[in-house]
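Novice: I'm passing along entry-v7.csv; it holds CSV, C-alpha atoms.
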```csv
chain,number,residue,atom,x,y,z
A,1,MET,CA,38.1,-42.9,-53.0
A,2,GLU,CA,40.6,-41.9,-55.7
A,3,SER,CA,44.0,-43.5,-54.8
A,4,GLN,CA,46.1,-40.3,-55.0
A,5,LEU,CA,43.7,-38.5,-52.7
A,6,ARG,CA,43.5,-41.4,-50.4
A,7,ARG,CA,47.3,-41.6,-50.2
A,8,GLY,CA,47.5,-37.9,-49.3
A,9,ILE,CA,44.8,-38.3,-46.6
A,10,LEU,CA,46.5,-41.4,-45.1
A,11,ASP,CA,49.9,-39.5,-44.9
A,12,ALA,CA,48.1,-36.7,-43.1
A,13,CYS,CA,46.4,-39.1,-40.7
A,14,VAL,CA,49.7,-40.8,-39.8
A,15,LEU,CA,51.4,-37.4,-39.2
A,16,ALA,CA,48.4,-36.1,-37.2
A,17,VAL,CA,48.4,-39.2,-35.0
A,18,LEU,CA,52.1,-38.7,-34.4
A,19,GLU,CA,51.7,-35.0,-33.7
A,20,LYS,CA,49.8,-36.1,-30.5
A,21,GLY,CA,52.9,-38.1,-29.4
A,22,GLU,CA,55.1,-41.0,-30.2
A,23,SER,CA,53.3,-44.1,-31.3
A,24,TYR,CA,53.8,-47.6,-32.7
A,25,GLY,CA,52.4,-49.6,-35.7
A,26,TYR,CA,49.5,-51.4,-34.1
A,27,LYS,CA,48.3,-48.3,-32.2
A,28,MET,CA,48.5,-46.2,-35.3
A,29,VAL,CA,46.4,-48.8,-37.3
A,30,THR,CA,43.7,-48.8,-34.5
A,31,ASP,CA,43.7,-45.0,-34.1
A,32,ILE,CA,43.4,-44.3,-37.8
A,33,SER,CA,40.9,-47.1,-38.4
A,34,GLU,CA,38.4,-45.1,-36.4
A,35,PHE,CA,38.3,-42.5,-39.3
A,36,ILE,CA,39.4,-44.3,-42.4
A,37,GLU,CA,40.1,-47.9,-43.5
A,38,ILE,CA,43.7,-48.8,-43.1
A,39,THR,CA,45.6,-52.1,-43.0
A,40,GLU,CA,49.0,-53.1,-41.8
A,41,SER,CA,50.3,-53.5,-45.4
A,42,THR,CA,48.9,-50.1,-46.3
A,43,LEU,CA,50.6,-48.4,-43.3
A,44,TYR,CA,54.0,-50.0,-43.9
A,45,PRO,CA,54.9,-48.2,-47.1
A,46,ILE,CA,53.5,-45.0,-45.7
A,47,LEU,CA,55.8,-45.2,-42.7
A,48,LYS,CA,58.8,-46.1,-44.9
A,49,ARG,CA,58.1,-43.2,-47.3
A,50,LEU,CA,57.6,-40.7,-44.5
A,51,GLU,CA,60.8,-41.9,-42.8
A,52,ALA,CA,62.7,-41.6,-46.1
A,53,GLN,CA,61.4,-38.0,-46.5
A,54,ALA,CA,62.6,-37.3,-42.9
A,55,MET,CA,59.0,-36.5,-41.8
A,56,LEU,CA,59.2,-39.0,-39.0
A,57,SER,CA,61.9,-40.6,-37.0
A,58,VAL,CA,62.1,-44.2,-35.7
A,59,ARG,CA,63.6,-45.7,-32.6
A,60,THR,CA,63.6,-49.3,-31.5
A,61,MET,CA,63.0,-49.9,-27.8
A,62,GLU,CA,62.7,-52.9,-25.7
A,63,TYR,CA,59.1,-53.5,-24.5
A,64,ASN,CA,58.0,-56.5,-22.4
A,65,GLY,CA,61.0,-58.5,-23.4
A,66,ARG,CA,60.7,-57.8,-27.2
A,67,LEU,CA,61.6,-55.0,-29.5
A,68,ARG,CA,59.0,-52.5,-30.6
A,69,LYS,CA,59.5,-49.6,-33.1
A,70,TYR,CA,58.3,-46.2,-32.0
A,71,TYR,CA,57.7,-43.4,-34.5
A,72,SER,CA,57.7,-39.7,-33.8
A,73,ILE,CA,57.1,-36.7,-36.0
A,74,THR,CA,59.9,-34.3,-37.1
A,75,ASP,CA,59.7,-30.6,-37.9
A,76,ALA,CA,59.5,-31.5,-41.6
A,77,GLY,CA,56.5,-33.7,-40.7
A,78,ARG,CA,54.8,-30.8,-38.9
A,79,ASP,CA,55.5,-28.5,-41.9
A,80,ARG,CA,53.9,-31.1,-44.2
A,81,ILE,CA,50.7,-31.1,-42.0
A,82,THR,CA,50.5,-27.3,-42.3
A,83,GLN,CA,51.0,-27.6,-46.1
A,84,LEU,CA,48.3,-30.4,-46.4
A,85,LEU,CA,45.9,-28.3,-44.3
A,86,SER,CA,46.3,-25.3,-46.6
A,87,GLU,CA,45.9,-27.5,-49.7
A,88,TRP,CA,42.8,-29.0,-48.0
A,89,GLU,CA,41.3,-25.5,-47.6
A,90,GLU,CA,41.6,-25.0,-51.3
A,91,ILE,CA,39.8,-28.3,-51.9
A,92,VAL,CA,37.0,-27.3,-49.5
A,93,LYS,CA,36.6,-24.0,-51.4
A,94,VAL,CA,36.2,-26.0,-54.6
A,95,TYR,CA,33.9,-28.4,-52.9
A,96,ARG,CA,31.6,-25.6,-51.7
A,97,TYR,CA,31.6,-24.0,-55.1
A,98,ILE,CA,30.5,-27.3,-56.8
A,99,VAL,CA,27.8,-27.8,-54.1
A,100,GLU,CA,26.5,-24.3,-54.6
A,101,GLU,CA,26.6,-24.5,-58.4
A,102,ARG,CA,24.8,-27.8,-58.2
A,103,GLY,CA,22.2,-26.4,-55.9
A,104,ALA,CA,21.6,-23.5,-58.2
A,105,ALA,CA,21.3,-25.8,-61.2
A,106,ASN,CA,18.7,-28.0,-59.4
A,107,GLU,CA,16.6,-25.0,-58.4
B,1,MET,CA,47.4,-70.8,-37.4
B,2,SER,CA,50.2,-69.9,-35.0
B,3,LYS,CA,52.2,-66.7,-35.2
B,4,ASN,CA,55.3,-68.6,-36.3
B,5,GLU,CA,53.4,-70.5,-39.1
B,6,TYR,CA,51.9,-67.2,-40.3
B,7,LEU,CA,55.3,-65.5,-40.4
B,8,ALA,CA,57.0,-68.5,-42.0
B,9,GLN,CA,54.3,-68.5,-44.8
B,10,LEU,CA,54.7,-64.8,-45.3
B,11,ARG,CA,58.4,-65.0,-45.5
B,12,GLY,CA,58.2,-67.9,-48.0
B,13,LEU,CA,55.8,-66.0,-50.3
B,14,MET,CA,57.9,-62.8,-50.0
B,15,GLU,CA,61.0,-64.6,-50.9
B,16,ALA,CA,59.3,-66.2,-53.9
B,17,ALA,CA,58.1,-62.8,-55.0
B,18,ALA,CA,61.6,-61.3,-54.5
B,19,ILE,CA,60.4,-58.6,-52.1
B,20,SER,CA,63.0,-56.3,-50.7
B,21,GLY,CA,63.7,-55.8,-47.0
B,22,ILE,CA,62.0,-59.1,-45.9
B,23,ASP,CA,63.5,-59.2,-42.4
B,24,GLU,CA,62.3,-55.7,-41.6
B,25,ARG,CA,58.8,-56.5,-42.9
B,26,ILE,CA,58.7,-59.8,-40.9
B,27,ASP,CA,59.7,-57.8,-37.8
B,28,TYR,CA,56.9,-55.3,-38.5
B,29,TYR,CA,54.2,-58.0,-38.8
B,30,SER,CA,55.6,-59.9,-35.9
B,31,GLU,CA,55.3,-56.8,-33.8
B,32,MET,CA,51.7,-56.3,-35.0
B,33,ILE,CA,50.8,-59.8,-33.8
B,34,ASP,CA,52.5,-59.4,-30.5
B,35,ASP,CA,50.7,-56.1,-29.9
B,36,ARG,CA,47.3,-57.9,-30.6
B,37,ILE,CA,48.2,-60.6,-28.2
B,38,GLU,CA,49.1,-58.1,-25.5
B,39,ALA,CA,45.8,-56.3,-26.2
B,40,GLY,CA,44.2,-59.5,-24.9
B,41,MET,CA,43.6,-61.6,-28.0
B,42,PRO,CA,44.6,-65.3,-28.0
B,43,GLU,CA,47.4,-66.1,-30.4
B,44,GLU,CA,45.2,-67.8,-33.0
B,45,LEU,CA,42.7,-65.0,-33.0
B,46,ALA,CA,45.5,-62.4,-33.2
B,47,VAL,CA,46.8,-64.2,-36.3
B,48,SER,CA,43.4,-64.6,-37.9
B,49,ALA,CA,42.8,-60.8,-37.3
B,50,MET,CA,45.8,-60.1,-39.4
B,51,GLU,CA,45.6,-59.3,-43.1
B,52,ASP,CA,45.6,-62.1,-45.7
B,53,ILE,CA,49.2,-63.1,-46.5
B,54,ASN,CA,48.6,-63.0,-50.3
B,55,GLU,CA,47.3,-59.5,-50.0
B,56,ILE,CA,50.3,-58.4,-48.0
B,57,VAL,CA,52.7,-59.8,-50.6
B,58,GLU,CA,50.7,-58.3,-53.5
B,59,ASN,CA,50.7,-54.8,-51.9
B,60,ALA,CA,54.5,-55.2,-51.2
B,61,ARG,CA,55.0,-56.1,-54.9
B,62,LEU,CA,53.2,-53.0,-56.0
B,63,GLU,CA,55.0,-50.6,-53.7
B,64,LYS,CA,57.8,-50.1,-56.2
B,65,PRO,CA,57.6,-47.9,-59.3
B,66,VAL,CA,57.4,-49.6,-62.7
B,67,THR,CA,60.9,-48.4,-63.7
B,68,THR,CA,62.4,-49.9,-60.5
B,69,LEU,CA,60.6,-53.2,-61.1
B,70,ILE,CA,61.9,-53.4,-64.7
B,71,LYS,CA,65.4,-52.5,-63.5
B,72,GLU,CA,65.3,-55.2,-60.9
B,73,LYS,CA,64.0,-57.7,-63.4
B,74,VAL,CA,67.0,-57.0,-65.7
B,75,VAL,CA,69.5,-57.1,-62.8
B,76,ASN,CA,68.0,-60.3,-61.5
B,77,SER,CA,68.2,-61.9,-64.9
B,78,HIS,CA,71.9,-60.8,-65.3
B,79,ASN,CA,72.7,-62.2,-61.8
B,80,GLU,CA,71.0,-65.5,-62.6
B,81,ALA,CA,73.0,-65.8,-65.8
B,82,LYS,CA,76.1,-65.0,-63.8
B,83,LYS,CA,75.3,-67.8,-61.4
B,84,LYS,CA,75.0,-70.3,-64.3
B,85,GLY,CA,78.4,-69.0,-65.6
B,86,ALA,CA,76.8,-67.3,-68.6
B,87,GLY,CA,77.1,-63.7,-67.5
B,88,TRP,CA,79.2,-62.8,-70.5
B,89,LEU,CA,76.7,-64.5,-72.8
B,90,TRP,CA,73.9,-62.4,-71.2
B,91,VAL,CA,75.8,-59.2,-72.0
B,92,VAL,CA,76.6,-60.3,-75.5
B,93,LEU,CA,73.0,-61.2,-76.2
B,94,ALA,CA,71.8,-57.9,-74.6
B,95,ILE,CA,74.1,-56.0,-77.0
B,96,ILE,CA,73.5,-58.1,-80.1
B,97,GLY,CA,69.8,-58.3,-79.4
B,98,PHE,CA,69.4,-54.5,-78.9
B,99,PRO,CA,67.9,-53.9,-82.4
B,100,VAL,CA,65.2,-56.5,-81.4
B,101,TRP,CA,64.4,-55.9,-77.8
B,102,PHE,CA,64.6,-52.1,-77.9
B,103,PRO,CA,61.9,-51.7,-80.6
B,104,ILE,CA,59.8,-54.3,-78.7
B,105,ALA,CA,60.2,-52.3,-75.4
B,106,VAL,CA,59.3,-49.0,-77.2
B,107,ALA,CA,56.3,-50.8,-78.8
B,108,PHE,CA,55.2,-52.1,-75.5
B,109,PHE,CA,55.1,-48.6,-73.9
B,110,ALA,CA,53.4,-47.3,-77.0
B,111,ILE,CA,50.7,-49.9,-76.6
B,112,LEU,CA,50.3,-48.9,-72.9
B,113,LEU,CA,49.9,-45.3,-73.9
B,114,ALA,CA,47.5,-46.3,-76.7
B,115,LEU,CA,45.5,-48.4,-74.1
B,116,TYR,CA,45.3,-45.4,-71.8
B,117,LEU,CA,44.1,-43.1,-74.6
B,118,VAL,CA,41.6,-45.7,-75.9
B,119,LEU,CA,40.0,-46.1,-72.4
B,120,TRP,CA,39.6,-42.4,-72.0
B,121,SER,CA,38.3,-42.2,-75.6
B,122,ILE,CA,35.6,-44.8,-74.8
B,123,VAL,CA,34.5,-42.6,-71.9
B,124,LEU,CA,34.5,-39.5,-74.2
B,125,ALA,CA,32.7,-41.4,-77.0
B,126,ILE,CA,29.9,-42.7,-74.6
B,127,PHE,CA,29.4,-39.2,-73.3
B,128,CYS,CA,29.3,-37.8,-76.9
B,129,VAL,CA,26.7,-40.3,-77.9
B,130,TRP,CA,24.5,-39.2,-75.0
B,131,LEU,CA,25.2,-35.5,-75.8
B,132,SER,CA,24.2,-36.1,-79.5
B,133,LEU,CA,20.8,-37.5,-78.3
B,134,GLY,CA,20.2,-34.2,-76.4
B,135,CYS,CA,21.3,-32.2,-79.5
B,136,VAL,CA,18.8,-34.1,-81.7
B,137,ALA,CA,16.1,-33.2,-79.2
B,138,LEU,CA,17.1,-29.5,-79.4
B,139,ALA,CA,17.2,-29.7,-83.2
B,140,GLY,CA,13.7,-31.2,-83.2
B,141,ILE,CA,12.4,-28.3,-81.0
B,142,ALA,CA,14.1,-25.8,-83.4
B,143,GLY,CA,12.4,-27.6,-86.4
B,144,PHE,CA,9.0,-27.4,-84.7
B,145,ILE,CA,9.4,-23.7,-84.0
B,146,THR,CA,10.6,-22.9,-87.6
B,147,SER,CA,7.5,-24.6,-88.9
B,148,PHE,CA,5.5,-21.6,-87.6
B,149,PHE,CA,7.5,-19.4,-90.0
B,150,GLY,CA,7.0,-21.6,-93.0
B,151,VAL,CA,10.5,-22.9,-93.2
B,152,VAL,CA,9.1,-26.5,-93.0
B,153,SER,CA,5.5,-27.6,-93.3
B,154,ILE,CA,3.3,-27.9,-90.2
B,155,PHE,CA,3.3,-31.7,-90.7
B,156,GLY,CA,7.1,-31.7,-90.7
B,157,GLY,CA,7.1,-29.4,-87.7
B,158,PHE,CA,5.0,-31.9,-85.7
B,159,MET,CA,7.3,-34.7,-86.8
B,160,CYS,CA,10.2,-32.7,-85.5
B,161,LEU,CA,8.3,-32.1,-82.2
B,162,GLY,CA,7.7,-35.9,-81.9
B,163,ALA,CA,11.4,-36.6,-82.6
B,164,ALA,CA,12.4,-33.9,-80.0
B,165,LEU,CA,10.1,-35.5,-77.3
B,166,PHE,CA,11.4,-39.0,-78.1
B,167,PHE,CA,15.1,-38.1,-78.0
B,168,GLY,CA,14.7,-35.6,-75.1
B,169,GLY,CA,13.1,-38.4,-73.1
B,170,LEU,CA,15.8,-40.8,-74.1
B,171,THR,CA,18.5,-38.2,-73.0
B,172,VAL,CA,16.9,-37.9,-69.6
B,173,LEU,CA,16.3,-41.6,-69.3
B,174,LEU,CA,19.9,-42.5,-70.2
B,175,PHE,CA,21.5,-39.8,-68.0
B,176,LYS,CA,22.2,-42.0,-65.0
B,177,PRO,CA,23.1,-45.2,-66.9
B,178,ILE,CA,25.6,-43.2,-69.0
B,179,ILE,CA,27.2,-41.6,-65.9
B,180,THR,CA,27.4,-45.1,-64.3
B,181,LEU,CA,29.0,-46.5,-67.5
B,182,CYS,CA,31.5,-43.6,-67.8
B,183,LYS,CA,32.5,-44.1,-64.2
B,184,ALA,CA,32.8,-47.9,-64.7
B,185,VAL,CA,35.1,-47.4,-67.7
B,186,ALA,CA,37.1,-44.7,-65.9
B,187,GLY,CA,37.4,-47.0,-62.9
B,188,MET,CA,38.9,-49.7,-65.2
B,189,ILE,CA,41.9,-47.4,-66.0
B,190,PRO,CA,43.8,-47.6,-62.6
B,191,ALA,CA,42.8,-51.2,-62.2
B,192,ALA,CA,44.2,-52.1,-65.7
B,193,PHE,CA,47.5,-50.2,-65.0
B,194,LYS,CA,47.8,-51.9,-61.6
B,195,LYS,CA,47.5,-55.3,-63.4
B,196,ILE,CA,50.1,-54.2,-65.9
B,197,LYS,CA,52.4,-53.1,-63.1
B,198,GLY,CA,51.8,-56.5,-61.4
B,199,MET,CA,53.4,-58.2,-64.5
B,200,PHE,CA,56.8,-56.7,-63.6
B,201,ALA,CA,56.5,-57.3,-59.9
```
Translate the structure of the given file into structure tokens.
Specialist:
Amino acid sequence: MESQLRRGILDACVLAVLEKGESYGYKMVTDISEFIEITESTLYPILKRLEAQAMLSVRTMEYNGRLRKYYSITDAGRDRITQLLSEWEEIVKVYRYIVEERGAANE
Amino acid sequence: MSKNEYLAQLRGLMEAAAISGIDERIDYYSEMIDDRIEAGMPEELAVSAMEDINEIVENARLEKPVTTLIKEKVVNSHNEAKKKGAGWLWVVLAIIGFPVWFPIAVAFFAILLALYLVLWSIVLAIFCVWLSLGCVALAGIAGFITSFFGVVSIFGGFMCLGAALFFGGLTVLLFKPIITLCKAVAGMIPAAFKKIKGMFA
């Protein structure tokens, strides 16, 4: 998959997972892996970037005697999902057009 | 490998590659291993399920934009010179050497731009060669048709038809390999630029 497109999709996946509720690194990797391949080192810069853009917030909490970082979505993150979905609708329109044109050309 | 060994190796390689925010990254990977262990994996299995250390470091190196990587290289070089007590010499050389290093830097970026254009030109050229084969086939058909109106002899017309069939067949036959070749060359472009970026990381 083209890297820019993949990056956009992964951003949307992370935000969509967080929209369901607060989550942590390992859980996000396992949740997102069900739909698209993602590794720990791929997730890390995404989390940092989204945090820098104030699309998610981070808090460190004690869990079973150790520290764990919990991520939650912000309003800016929710707006980003809405924006990505509207952009995606345009992509789907183009996709349908290409498929139809191809079908017509093959007939 | 134990968790501590894995994290120590990771830290060592990150330090060698001058990655920023190492402590935070180590905490992140440590948390990942702990979560795997809590999910029921034995420590060794949890560590082996983690990503390859070299891959993690390589990805961390490539997170930064090229401009930041170059800036860091320059700052690091200055700091190293300072440590050796030659900070002033570094500044003097940077100023005196400006007429030399600046054109070299400009030339380097010009080469990068040229490389980018060349790779896309190859894609375009391959496609044009394939398209020209199709055009020859069309021209052959046109030649064959004109032979009925006496523009060329009947013999010449059949020669054109033969050529049209040959080149038309070649166009159809080469369609898939040409598309594959174009995709392969186009795929080389991001890979090549990732390698170039890696030079500054």
Novice: Can you list every residue of chain B that has an atom at most 7 Å from chain A, with its nearest atom pair and the distance in Å to one decimal, using all atoms listed in the file, ordered by chain then number, as JSON lines?
Specialist:
```
{"residue": "B:Glu31", "atom": "CA", "partner": "A:Arg68", "partner_atom": "CA", "distance": 6.5}
{"residue": "B:Met32", "atom": "CA", "partner": "A:Tyr26", "partner_atom": "CA", "distance": 5.4}
{"residue": "B:Asp35", "atom": "CA", "partner": "A:Tyr26", "partner_atom": "CA", "distance": 6.4}
{"residue": "B:Ile56", "atom": "CA", "partner": "A:Ser41", "partner_atom": "CA", "distance": 5.5}
{"residue": "B:Asn59", "atom": "CA", "partner": "A:Ser41", "partner_atom": "CA", "distance": 6.6}
```
Novice: What does the distance from atom CA of Gly21 of chain B to atom CA of Val91 of chain B come to in Å, to one decimal?
Specialist: 28.0 Å
Novice: Please measure the separation of atom CA of Leu10 of chain A and atom CA of Arg25 of chain B, giving the value in Å to one decimal.
Specialist: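 If I compute the distance from atom CA of Leu10 of chain A to atom CA of Arg25 of chain B, I get 19.6 Å.
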Novice: Just the residues within 10 Å of Tyr116 of chain B, please, counting only C-alpha atoms, with nothing from its chain fewer than 4 positions along; format it as a PyMOL selection string.
Specialist: chain B and resi 110-112+120-121+189-190+192-193
Novice: Name all residues at most 8 Å from segment 30-37 of chain A (count only C-alpha atoms; drop same-chain ones fewer than 4 positions away) and give them as a PyMOL selection string.
Specialist: chain A and resi 13-14+17+26
Novice: Atom CA of Leu133 of chain B and atom CA of Leu165 of chain B, how far apart in Å?
Specialist: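 Pair atom CA of Leu165 of chain B / atom CA of Leu133 of chain B returns 10.9 Å.
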Novice: For the point (54.0, -61.3, -53.1) in file coordinates, what residues are within 9 Å, counting only C-alpha atoms? Give the answer as a list of chain:residue names?
Specialist: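 All residues meeting the 9 Å criterion around (54.0, -61.3, -53.1) are B:Leu10, B:Leu13, B:Met14, B:Glu15, B:Ala16, B:Ala17, B:Ala18, B:Ile19, B:Ile53, B:Asn54, B:Glu55, B:Ile56, B:Val57, B:Glu58, B:Asn59, B:Ala60, B:Arg61, B:Leu62, B:Ala201.
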